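Everything below belongs to final-v5.cif, which stores mmCIF, C-alpha atoms and all ligand atoms.
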data_final
loop_
_atom_site.group_PDB
_atom_site.id
_atom_site.type_symbol
_atom_site.label_atom_id
_atom_site.label_comp_id
_atom_site.auth_asym_id
_atom_site.auth_seq_id
_atom_site.Cartn_x
_atom_site.Cartn_y
_atom_site.Cartn_z
ATOM 1 C CA MET A 582 171.158 -1.991 -26.263
ATOM 2 C CA ILE A 583 169.843 -2.232 -22.742
ATOM 3 C CA LEU A 584 169.534 -5.593 -21.035
ATOM 4 C CA THR A 585 166.044 -6.848 -20.253
ATOM 5 C CA ASP A 586 165.068 -8.524 -16.973
ATOM 6 C CA LYS A 587 165.563 -11.974 -18.532
ATOM 7 C CA GLN A 588 168.971 -11.013 -19.892
ATOM 8 C CA ILE A 589 170.076 -9.551 -16.546
ATOM 9 C CA LEU A 590 169.122 -12.866 -14.912
ATOM 10 C CA GLU A 591 171.067 -14.785 -17.586
ATOM 11 C CA GLU A 592 174.147 -12.631 -17.027
ATOM 12 C CA ILE A 593 173.855 -13.220 -13.264
ATOM 13 C CA GLU A 594 173.714 -16.982 -13.963
ATOM 14 C CA LYS A 595 176.844 -16.676 -16.123
ATOM 15 C CA GLY A 596 178.624 -14.614 -13.486
ATOM 16 C CA THR A 597 179.199 -11.565 -15.673
ATOM 17 C CA ILE A 598 176.863 -9.513 -13.438
ATOM 18 C CA LEU A 599 176.834 -9.750 -9.649
ATOM 19 C CA ILE A 600 174.384 -7.860 -7.431
ATOM 20 C CA GLU A 601 174.689 -8.543 -3.727
ATOM 21 C CA PRO A 602 172.227 -8.787 -2.015
ATOM 22 C CA PHE A 603 169.916 -9.699 -4.901
ATOM 23 C CA LYS A 604 166.136 -9.690 -4.576
ATOM 24 C CA ARG A 605 163.970 -10.884 -7.438
ATOM 25 C CA SER A 606 161.394 -8.230 -6.520
ATOM 26 C CA SER A 607 163.945 -5.462 -7.224
ATOM 27 C CA LEU A 608 164.296 -6.552 -10.833
ATOM 28 C CA GLY A 609 162.322 -4.298 -13.176
ATOM 29 C CA THR A 610 161.526 -4.762 -16.849
ATOM 30 C CA ASN A 611 165.022 -3.612 -17.864
ATOM 31 C CA SER A 612 166.634 -2.394 -14.641
ATOM 32 C CA TYR A 613 167.484 -3.373 -11.089
ATOM 33 C CA ASP A 614 166.476 -1.211 -8.108
ATOM 34 C CA VAL A 615 169.274 -0.345 -5.705
ATOM 35 C CA HIS A 616 168.772 0.798 -2.123
ATOM 36 C CA LEU A 617 170.263 3.390 0.173
ATOM 37 C CA GLY A 618 173.047 1.943 2.319
ATOM 38 C CA ARG A 619 173.542 2.659 6.009
ATOM 39 C CA TYR A 620 176.096 5.475 5.718
ATOM 40 C CA LEU A 621 176.067 9.062 4.519
ATOM 41 C CA ALA A 622 178.946 11.507 4.427
ATOM 42 C CA THR A 623 179.541 15.231 4.081
ATOM 43 C CA TYR A 624 182.717 17.098 3.270
ATOM 44 C CA ARG A 625 184.551 18.459 6.282
ATOM 45 C CA ASN A 626 185.502 21.770 4.647
ATOM 46 C CA GLU A 627 183.024 24.218 3.251
ATOM 47 C CA VAL A 628 185.353 25.136 0.396
ATOM 48 C CA LEU A 629 186.463 22.124 -1.591
ATOM 49 C CA ASP A 630 189.701 22.124 -3.546
ATOM 50 C CA ALA A 631 189.857 20.036 -6.713
ATOM 51 C CA ARG A 632 193.640 19.613 -6.343
ATOM 52 C CA GLN A 633 193.531 18.454 -2.732
ATOM 53 C CA HIS A 634 192.215 15.430 -0.911
ATOM 54 C CA ASN A 635 188.921 16.696 0.529
ATOM 55 C CA GLU A 636 188.147 14.679 3.640
ATOM 56 C CA ILE A 637 184.655 13.537 4.580
ATOM 57 C CA ASP A 638 182.828 12.785 7.802
ATOM 58 C CA VAL A 639 180.851 9.564 7.606
ATOM 59 C CA PHE A 640 177.797 8.977 9.773
ATOM 60 C CA GLU A 641 175.143 6.336 10.125
ATOM 61 C CA ILE A 642 171.513 6.920 9.146
ATOM 62 C CA PRO A 643 169.495 6.328 12.324
ATOM 63 C CA GLU A 644 166.532 3.936 12.348
ATOM 64 C CA GLU A 645 164.150 6.916 12.387
ATOM 65 C CA GLY A 646 165.767 8.244 9.221
ATOM 66 C CA PHE A 647 167.783 11.369 8.537
ATOM 67 C CA VAL A 648 166.552 14.714 7.219
ATOM 68 C CA LEU A 649 168.627 15.882 4.244
ATOM 69 C CA GLN A 650 169.083 19.641 3.937
ATOM 70 C CA PRO A 651 169.150 21.695 0.727
ATOM 71 C CA ASN A 652 172.458 23.336 -0.251
ATOM 72 C CA THR A 653 174.474 20.448 1.134
ATOM 73 C CA LEU A 654 176.194 17.754 -0.869
ATOM 74 C CA TYR A 655 175.765 14.363 0.758
ATOM 75 C CA LEU A 656 177.647 11.321 -0.366
ATOM 76 C CA GLY A 657 175.611 8.178 -0.004
ATOM 77 C CA VAL A 658 176.226 4.589 -0.932
ATOM 78 C CA THR A 659 174.183 1.748 -2.315
ATOM 79 C CA LEU A 660 173.400 -1.187 -0.106
ATOM 80 C CA GLU A 661 174.246 -3.362 -3.083
ATOM 81 C CA TYR A 662 177.755 -4.416 -3.998
ATOM 82 C CA THR A 663 177.900 -4.961 -7.738
ATOM 83 C CA GLU A 664 180.290 -6.437 -10.247
ATOM 84 C CA THR A 665 179.883 -5.870 -13.959
ATOM 85 C CA HIS A 666 182.379 -7.752 -16.070
ATOM 86 C CA ALA A 667 181.033 -7.501 -19.607
ATOM 87 C CA HIS A 668 178.551 -4.606 -19.772
ATOM 88 C CA VAL A 669 178.445 -0.879 -19.029
ATOM 89 C CA PRO A 670 176.345 -0.331 -15.911
ATOM 90 C CA PHE A 671 174.553 2.996 -15.480
ATOM 91 C CA LEU A 672 173.168 4.348 -12.242
ATOM 92 C CA GLU A 673 169.882 6.113 -12.852
ATOM 93 C CA GLY A 674 167.400 7.871 -10.633
ATOM 94 C CA LYS A 675 163.928 6.641 -9.869
ATOM 95 C CA SER A 676 160.930 8.785 -10.643
ATOM 96 C CA SER A 677 159.500 8.289 -7.129
ATOM 97 C CA VAL A 678 162.769 9.537 -5.639
ATOM 98 C CA GLY A 679 163.016 12.423 -8.116
ATOM 99 C CA ARG A 680 159.468 13.445 -7.223
ATOM 100 C CA LEU A 681 160.664 13.955 -3.649
ATOM 101 C CA GLY A 682 163.235 16.406 -5.002
ATOM 102 C CA ILE A 683 166.157 14.043 -4.433
ATOM 103 C CA ASP A 684 168.993 13.899 -6.981
ATOM 104 C CA ILE A 685 171.225 10.880 -6.554
ATOM 105 C CA HIS A 686 174.115 11.726 -8.790
ATOM 106 C CA ALA A 687 175.849 14.835 -9.956
ATOM 107 C CA THR A 688 176.605 14.291 -13.642
ATOM 108 C CA ALA A 689 178.219 10.903 -13.007
ATOM 109 C CA GLY A 690 175.883 8.042 -13.802
ATOM 110 C CA LYS A 691 178.100 5.836 -15.884
ATOM 111 C CA GLY A 692 180.000 2.850 -14.591
ATOM 112 C CA ASP A 693 182.855 1.056 -16.277
ATOM 113 C CA VAL A 694 183.200 -2.482 -17.540
ATOM 114 C CA GLY A 695 185.004 -4.181 -14.672
ATOM 115 C CA PHE A 696 183.694 -1.876 -11.919
ATOM 116 C CA CYS A 697 183.362 -3.911 -8.726
ATOM 117 C CA ASN A 698 182.029 -2.044 -5.699
ATOM 118 C CA THR A 699 179.100 -0.399 -4.039
ATOM 119 C CA TRP A 700 178.082 2.826 -5.809
ATOM 120 C CA THR A 701 178.739 6.201 -4.272
ATOM 121 C CA LEU A 702 175.755 8.544 -4.634
ATOM 122 C CA GLU A 703 176.163 12.313 -4.898
ATOM 123 C CA ILE A 704 172.940 13.350 -3.204
ATOM 124 C CA SER A 705 171.351 16.786 -3.188
ATOM 125 C CA VAL A 706 167.800 17.804 -2.348
ATOM 126 C CA THR A 707 165.459 20.624 -3.304
ATOM 127 C CA GLN A 708 163.728 20.793 0.045
ATOM 128 C CA GLN A 709 164.194 19.042 3.374
ATOM 129 C CA VAL A 710 163.389 15.369 3.075
ATOM 130 C CA ARG A 711 163.740 12.464 5.476
ATOM 131 C CA VAL A 712 165.442 9.406 4.041
ATOM 132 C CA TYR A 713 165.871 5.913 5.441
ATOM 133 C CA HIS A 714 168.489 3.276 4.954
ATOM 134 C CA GLY A 715 167.225 0.432 2.822
ATOM 135 C CA MET A 716 164.800 2.641 0.854
ATOM 136 C CA PRO A 717 164.860 2.274 -2.946
ATOM 137 C CA ILE A 718 167.126 5.061 -4.182
ATOM 138 C CA GLY A 719 168.024 4.368 -7.801
ATOM 139 C CA GLN A 720 168.242 1.778 -10.490
ATOM 140 C CA LEU A 721 170.974 0.132 -12.483
ATOM 141 C CA ILE A 722 170.658 -0.386 -16.183
ATOM 142 C CA TYR A 723 173.093 -2.373 -18.264
ATOM 143 C CA PHE A 724 174.268 -1.581 -21.763
ATOM 144 C CA GLU A 725 175.865 -4.024 -24.166
ATOM 145 C CA VAL A 726 179.299 -2.976 -25.357
ATOM 146 C CA LYS A 727 180.657 -3.026 -28.864
ATOM 147 C CA GLY A 728 184.245 -4.094 -29.428
ATOM 148 C CA GLY A 729 186.923 -5.608 -27.274
ATOM 149 C CA ILE A 730 188.285 -4.058 -24.095
ATOM 150 C CA GLU A 731 191.958 -3.452 -23.462
ATOM 151 C CA ASN A 732 191.704 -1.987 -20.004
ATOM 152 C CA TYR A 733 189.110 -3.396 -17.614
ATOM 153 C CA TYR A 734 188.301 -1.031 -14.788
ATOM 154 C CA ASN A 735 189.255 -3.560 -12.125
ATOM 155 C CA SER A 736 192.678 -4.094 -13.644
ATOM 156 C CA LYS A 737 193.391 -0.413 -14.358
ATOM 157 C CA SER A 738 196.167 0.730 -12.096
ATOM 158 C CA ASN A 739 194.526 4.154 -11.961
ATOM 159 C CA ALA A 740 190.998 2.890 -11.165
ATOM 160 C CA LYS A 741 190.235 4.978 -8.123
ATOM 161 C CA TYR A 742 186.945 3.615 -6.919
ATOM 162 C CA ASN A 743 187.376 -0.145 -6.899
ATOM 163 C CA ASN A 744 188.341 -0.796 -3.266
ATOM 164 C CA ARG A 745 185.411 -2.677 -1.802
ATOM 165 C CA THR A 746 183.572 -0.658 0.835
ATOM 166 C CA THR A 747 180.150 -0.221 2.435
ATOM 167 C CA LYS A 748 180.793 3.500 2.923
ATOM 168 C CA PRO A 749 180.628 6.439 0.522
ATOM 169 C CA VAL A 750 183.912 7.346 -1.138
ATOM 170 C CA GLU A 751 184.972 10.961 -1.550
ATOM 171 C CA SER A 752 186.324 12.459 -4.755
ATOM 172 C CA MET A 753 189.750 11.114 -5.639
ATOM 173 C CA MET A 754 190.294 13.838 -8.205
ATOM 174 C CA TRP A 755 193.551 14.669 -6.421
ATOM 175 C CA ARG A 756 194.969 11.398 -7.766
ATOM 176 C CA ASN A 757 194.425 12.442 -11.406
ATOM 177 C CA GLU A 758 197.441 13.613 -13.336
ATOM 178 C CA TRP A 759 196.706 16.985 -14.956
HETATM 179 N N1 LIG B 801 177.631 8.042 -9.223
HETATM 180 C C1 LIG B 801 178.579 7.135 -9.440
HETATM 181 C C2 LIG B 801 179.129 6.972 -10.735
HETATM 182 C C3 LIG B 801 180.133 6.032 -10.897
HETATM 183 N N2 LIG B 801 180.542 5.282 -9.848
HETATM 184 C C4 LIG B 801 181.606 4.286 -10.001
HETATM 185 C C5 LIG B 801 181.429 3.431 -11.230
HETATM 186 C C6 LIG B 801 182.540 3.820 -12.144
HETATM 187 O O1 LIG B 801 183.055 2.672 -12.814
HETATM 188 C C7 LIG B 801 183.573 4.436 -11.202
HETATM 189 C C8 LIG B 801 184.377 5.517 -11.840
HETATM 190 O O2 LIG B 801 183.506 6.463 -12.391
HETATM 191 P P1 LIG B 801 184.038 7.505 -13.469
HETATM 192 O O3 LIG B 801 184.771 6.786 -14.543
HETATM 193 O O4 LIG B 801 182.911 8.406 -13.844
HETATM 194 O O5 LIG B 801 185.037 8.317 -12.506
HETATM 195 P P2 LIG B 801 186.467 8.925 -12.772
HETATM 196 O O6 LIG B 801 186.744 9.012 -14.236
HETATM 197 O O7 LIG B 801 186.565 10.157 -11.978
HETATM 198 O O8 LIG B 801 187.363 7.815 -12.083
HETATM 199 P P3 LIG B 801 188.484 6.846 -12.734
HETATM 200 O O9 LIG B 801 189.609 7.744 -13.108
HETATM 201 O O10 LIG B 801 188.810 5.868 -11.648
HETATM 202 O O11 LIG B 801 187.800 6.204 -13.928
HETATM 203 O O12 LIG B 801 182.816 4.972 -10.116
HETATM 204 C C9 LIG B 801 179.986 5.452 -8.581
HETATM 205 O O13 LIG B 801 180.345 4.761 -7.625
HETATM 206 N N3 LIG B 801 179.019 6.384 -8.407
#
Spell out the structure here as structure tokens.
Amino acid sequence: MILTDKQILEEIEKGTILIEPFKRSSLGTNSYDVHLGRYLATYRNEVLDARQHNEIDVFEIPEEGFVLQPNTLYLGVTLEYTETHAHVPFLEGKSSVGRLGIDIHATAGKGDVGFCNTWTLEISVTQQVRVYHGMPIGQLIYFEVKGGIENYYNSKSNAKYNNRTTKPVESMMWRNEW
């Protein structure tokens, strides 16, 4: 089941959901709008290697915006820092963003119970499009969980994306054991 606006507010009151900064106007019927943070990043190498640490170059979106190019993977970040202690948060697109040909995640929309951080966005575009920091970029929806949890994301020793940051975080696949 997906949390409604009233339930999201109740969970915020209880402290099981944190969204920072929080604006009442960003709360939808059953979602919360997140915004594009100040930084974008691209991978330094053209050929990525799933076994290696692929380094990124981070840059700031200027006030006049930045034109995203097709055929380039950009990592973005939400302005919002979130904590979700008792639900499964999902990052979803927004129709108005999709209609500009902007994808905000590449297969990975799910968060984990215990995830505490800004969200990294895997951005790709169909045609050139200028984006601005602070623009609405996606929405979070929250699912109720069934059953107890043994291994919260924020206490998992192998949780790779829980170090608080305002910048996009590159793939940490190289830390997986396989
Ligand atoms: N577009 C996304 C999707 C998820 N996350 C965050 C929320 C998740 O709780 C965390 C880890 O996501 P996954 O479980 O999909 O990633 P991995 O399985 O690769 O990482 P880990 O091994 O740390 O679970 O990353 C994110 O910042 N941006």
Which protein, DNA or RNA residues have an atom within 6 Å of ligand LIG 801 (chain B), counting only C-alpha atoms and all ligand atoms, as a ChimeraX atom specification? /A:686,689-693,696,700-702,739-742
Exercise: Ser677 of chain A partners within 10 Å, all atoms listed in the file, chain neighbours under 6 positions left out, as a ChimeraX atom specification: /A:683,717-719
For Leu681 of chain A, list every protein, DNA or RNA residue within 10 Å, evaluated using all atoms listed in the file, and leave out those in the same chain fewer than 3 positions away; present the list as an MDAnalysis selection string. chainID A and resid 676:678 684 706:711
Translate the PyMOL selection byres (((chain A and resi 627) around 12) and not hetatm), as applied to the file shown, into an explicit residue set as a VMD selection string. chain A and resid 623 to 626 628 to 630 635 to 637 652 to 654
Resulting file, chosen residues, C-alpha atoms, as a JSON list (two decimals), in the coordinates of the input:
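Generated file (result10.json):
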[["chain", "number", "residue", "atom", "x", "y", "z"],
["A", 623, "THR", "CA", 179.54, 15.23, 4.08],
["A", 624, "TYR", "CA", 182.72, 17.10, 3.27],
["A", 625, "ARG", "CA", 184.55, 18.46, 6.28],
["A", 626, "ASN", "CA", 185.50, 21.77, 4.65],
["A", 628, "VAL", "CA", 185.35, 25.14, 0.40],
["A", 629, "LEU", "CA", 186.46, 22.12, -1.59],
["A", 630, "ASP", "CA", 189.70, 22.12, -3.55],
["A", 635, "ASN", "CA", 188.92, 16.70, 0.53],
["A", 636, "GLU", "CA", 188.15, 14.68, 3.64],
["A", 637, "ILE", "CA", 184.66, 13.54, 4.58],
["A", 652, "ASN", "CA", 172.46, 23.34, -0.25],
["A", 653, "THR", "CA", 174.47, 20.45, 1.13],
["A", 654, "LEU", "CA", 176.19, 17.75, -0.87]]
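Interatomic distance, atom CA of Asp586 of chain A against atom CA of Tyr613 of chain A: 8.2 Å.
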Given the point (163.9, -1.8, 6.5) in the file's coordinates, find the residues that have an atom at most 12 Å from it, counting only C-alpha atoms, and give them as a PyMOL selection string. chain A and resi 616-619+642-646+660+712-717
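Interatomic distance, atom CA of Leu599 of chain A against atom CA of Phe671 of chain A: 14.2 Å.
In this structure, atom CA of Glu601 of chain A sits 13.9 Å away from atom CA of Gln720 of chain A.
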Written as a PyMOL selection string, which residues does the PyMOL selection byres (((chain A and resi 589) around 10) and not hetatm) give for the file shown? chain A and resi 583-588+590-595+597-599+608-613+722-723
List every protein, DNA or RNA residue that has an atom no more than 9 Å from (183.9, 11.1, -5.2) in the file's coordinate frame, counting all atoms listed in the file, and report them as an MDAnalysis selection string. chainID A and resid 656 701:703 742 749:754
Tell me which residues the PyMOL selection byres (((chain A and resi 755) around 7) and not hetatm) grabs here, as a CSV table (one decimal) with C-alpha atoms, in the frame of the given file.
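Contents of result.csv, as written:
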chain,number,residue,atom,x,y,z
A,631,ALA,CA,189.9,20.0,-6.7
A,632,ARG,CA,193.6,19.6,-6.3
A,633,GLN,CA,193.5,18.5,-2.7
A,634,HIS,CA,192.2,15.4,-0.9
A,753,MET,CA,189.8,11.1,-5.6
A,754,MET,CA,190.3,13.8,-8.2
A,756,ARG,CA,195.0,11.4,-7.8
A,757,ASN,CA,194.4,12.4,-11.4
Which residues, written as a PDB file with C-alpha atoms, in the coordinates of the input, have at least one atom at most 10 Å from Met582 of chain A, with all atoms listed in the file counted and residues fewer than 6 positions away on the same chain left out?
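Printed below is around31.pdb as written:
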ATOM      1  CA  TYR A 723     173.093  -2.373 -18.264  1.00  0.00           C
ATOM      2  CA  PHE A 724     174.268  -1.581 -21.763  1.00  0.00           C
ATOM      3  CA  GLU A 725     175.865  -4.024 -24.166  1.00  0.00           C
ATOM      4  CA  VAL A 726     179.299  -2.976 -25.357  1.00  0.00           C
ATOM      5  CA  LYS A 727     180.657  -3.026 -28.864  1.00  0.00           C
TER       6      LYS A 727
END
Could you tell me which of A:Trp759, A:Phe603, A:Phe647, A:Tyr662 comes closest to Asn744 of chain A if we count only C-alpha atoms?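 Using only C-alpha atoms, the shortest distance to Asn744 of chain A belongs to A:Tyr662.
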Can you put N, CA and C atoms back into segment 621-649 of chain A and show it as a PDB file, in the frame of the given file?
ATOM      1  N   LEU A 621     175.996   7.833   5.311  1.00  0.00           N
ATOM      2  CA  LEU A 621     176.067   9.062   4.519  1.00  0.00           C
ATOM      3  C   LEU A 621     177.361   9.762   4.901  1.00  0.00           C
ATOM      4  N   ALA A 622     177.749  10.736   4.092  1.00  0.00           N
ATOM      5  CA  ALA A 622     178.946  11.507   4.427  1.00  0.00           C
ATOM      6  C   ALA A 622     178.785  12.925   3.910  1.00  0.00           C
ATOM      7  N   THR A 623     179.457  13.846   4.576  1.00  0.00           N
ATOM      8  CA  THR A 623     179.541  15.231   4.081  1.00  0.00           C
ATOM      9  C   THR A 623     181.014  15.640   4.102  1.00  0.00           C
ATOM     10  N   TYR A 624     181.340  16.601   3.270  1.00  0.00           N
ATOM     11  CA  TYR A 624     182.717  17.098   3.270  1.00  0.00           C
ATOM     12  C   TYR A 624     182.965  17.922   4.520  1.00  0.00           C
ATOM     13  N   ARG A 625     184.168  17.777   5.043  1.00  0.00           N
ATOM     14  CA  ARG A 625     184.551  18.459   6.282  1.00  0.00           C
ATOM     15  C   ARG A 625     184.686  19.967   6.058  1.00  0.00           C
ATOM     16  N   ASN A 626     185.294  20.345   4.923  1.00  0.00           N
ATOM     17  CA  ASN A 626     185.502  21.770   4.647  1.00  0.00           C
ATOM     18  C   ASN A 626     184.386  22.329   3.785  1.00  0.00           C
ATOM     19  N   GLU A 627     184.075  23.580   4.041  1.00  0.00           N
ATOM     20  CA  GLU A 627     183.024  24.218   3.251  1.00  0.00           C
ATOM     21  C   GLU A 627     183.516  24.490   1.830  1.00  0.00           C
ATOM     22  N   VAL A 628     184.778  24.880   1.722  1.00  0.00           N
ATOM     23  CA  VAL A 628     185.353  25.136   0.396  1.00  0.00           C
ATOM     24  C   VAL A 628     186.160  23.906  -0.016  1.00  0.00           C
ATOM     25  N   LEU A 629     185.729  23.292  -1.103  1.00  0.00           N
ATOM     26  CA  LEU A 629     186.463  22.124  -1.591  1.00  0.00           C
ATOM     27  C   LEU A 629     187.544  22.581  -2.554  1.00  0.00           C
ATOM     28  N   ASP A 630     188.575  21.776  -2.679  1.00  0.00           N
ATOM     29  CA  ASP A 630     189.701  22.124  -3.546  1.00  0.00           C
ATOM     30  C   ASP A 630     189.968  20.928  -4.459  1.00  0.00           C
ATOM     31  N   ALA A 631     189.759  21.140  -5.757  1.00  0.00           N
ATOM     32  CA  ALA A 631     189.857  20.036  -6.713  1.00  0.00           C
ATOM     33  C   ALA A 631     191.266  19.430  -6.796  1.00  0.00           C
ATOM     34  N   ARG A 632     192.279  20.158  -6.310  1.00  0.00           N
ATOM     35  CA  ARG A 632     193.640  19.613  -6.343  1.00  0.00           C
ATOM     36  C   ARG A 632     194.001  18.852  -5.066  1.00  0.00           C
ATOM     37  N   GLN A 633     193.193  19.034  -4.041  1.00  0.00           N
ATOM     38  CA  GLN A 633     193.531  18.454  -2.732  1.00  0.00           C
ATOM     39  C   GLN A 633     192.632  17.266  -2.421  1.00  0.00           C
ATOM     40  N   HIS A 634     193.063  16.505  -1.426  1.00  0.00           N
ATOM     41  CA  HIS A 634     192.215  15.430  -0.911  1.00  0.00           C
ATOM     42  C   HIS A 634     191.215  16.053   0.065  1.00  0.00           C
ATOM     43  N   ASN A 635     189.959  16.103  -0.323  1.00  0.00           N
ATOM     44  CA  ASN A 635     188.921  16.696   0.529  1.00  0.00           C
ATOM     45  C   ASN A 635     188.351  15.599   1.425  1.00  0.00           C
ATOM     46  N   GLU A 636     188.546  15.746   2.714  1.00  0.00           N
ATOM     47  CA  GLU A 636     188.147  14.679   3.640  1.00  0.00           C
ATOM     48  C   GLU A 636     186.655  14.751   3.944  1.00  0.00           C
ATOM     49  N   ILE A 637     186.092  13.584   4.268  1.00  0.00           N
ATOM     50  CA  ILE A 637     184.655  13.537   4.580  1.00  0.00           C
ATOM     51  C   ILE A 637     184.428  13.014   5.991  1.00  0.00           C
ATOM     52  N   ASP A 638     183.277  13.367   6.542  1.00  0.00           N
ATOM     53  CA  ASP A 638     182.828  12.785   7.802  1.00  0.00           C
ATOM     54  C   ASP A 638     181.680  11.837   7.482  1.00  0.00           C
ATOM     55  N   VAL A 639     181.851  10.599   7.900  1.00  0.00           N
ATOM     56  CA  VAL A 639     180.851   9.564   7.606  1.00  0.00           C
ATOM     57  C   VAL A 639     179.980   9.371   8.838  1.00  0.00           C
ATOM     58  N   PHE A 640     178.690   9.245   8.637  1.00  0.00           N
ATOM     59  CA  PHE A 640     177.797   8.977   9.773  1.00  0.00           C
ATOM     60  C   PHE A 640     176.717   7.979   9.357  1.00  0.00           C
ATOM     61  N   GLU A 641     176.126   7.377  10.381  1.00  0.00           N
ATOM     62  CA  GLU A 641     175.143   6.336  10.125  1.00  0.00           C
ATOM     63  C   GLU A 641     173.741   6.947  10.072  1.00  0.00           C
ATOM     64  N   ILE A 642     172.913   6.472   9.189  1.00  0.00           N
ATOM     65  CA  ILE A 642     171.513   6.920   9.146  1.00  0.00           C
ATOM     66  C   ILE A 642     170.776   6.214  10.287  1.00  0.00           C
ATOM     67  N   PRO A 643     170.192   6.988  11.217  1.00  0.00           N
ATOM     68  CA  PRO A 643     169.495   6.328  12.324  1.00  0.00           C
ATOM     69  C   PRO A 643     168.241   5.585  11.848  1.00  0.00           C
ATOM     70  N   GLU A 644     167.733   4.710  12.698  1.00  0.00           N
ATOM     71  CA  GLU A 644     166.532   3.936  12.348  1.00  0.00           C
ATOM     72  C   GLU A 644     165.378   4.854  11.961  1.00  0.00           C
ATOM     73  N   GLU A 645     165.274   6.003  12.667  1.00  0.00           N
ATOM     74  CA  GLU A 645     164.150   6.916  12.387  1.00  0.00           C
ATOM     75  C   GLU A 645     164.385   7.766  11.130  1.00  0.00           C
ATOM     76  N   GLY A 646     165.479   7.513  10.444  1.00  0.00           N
ATOM     77  CA  GLY A 646     165.767   8.244   9.221  1.00  0.00           C
ATOM     78  C   GLY A 646     166.580   9.495   9.497  1.00  0.00           C
ATOM     79  N   PHE A 647     166.954  10.170   8.421  1.00  0.00           N
ATOM     80  CA  PHE A 647     167.783  11.369   8.537  1.00  0.00           C
ATOM     81  C   PHE A 647     167.237  12.414   7.568  1.00  0.00           C
ATOM     82  N   VAL A 648     167.112  13.652   8.066  1.00  0.00           N
ATOM     83  CA  VAL A 648     166.552  14.714   7.219  1.00  0.00           C
ATOM     84  C   VAL A 648     167.675  15.393   6.430  1.00  0.00           C
ATOM     85  N   LEU A 649     167.640  15.229   5.119  1.00  0.00           N
ATOM     86  CA  LEU A 649     168.627  15.882   4.244  1.00  0.00           C
ATOM     87  C   LEU A 649     168.254  17.347   4.075  1.00  0.00           C
TER      88      LEU A 649
END
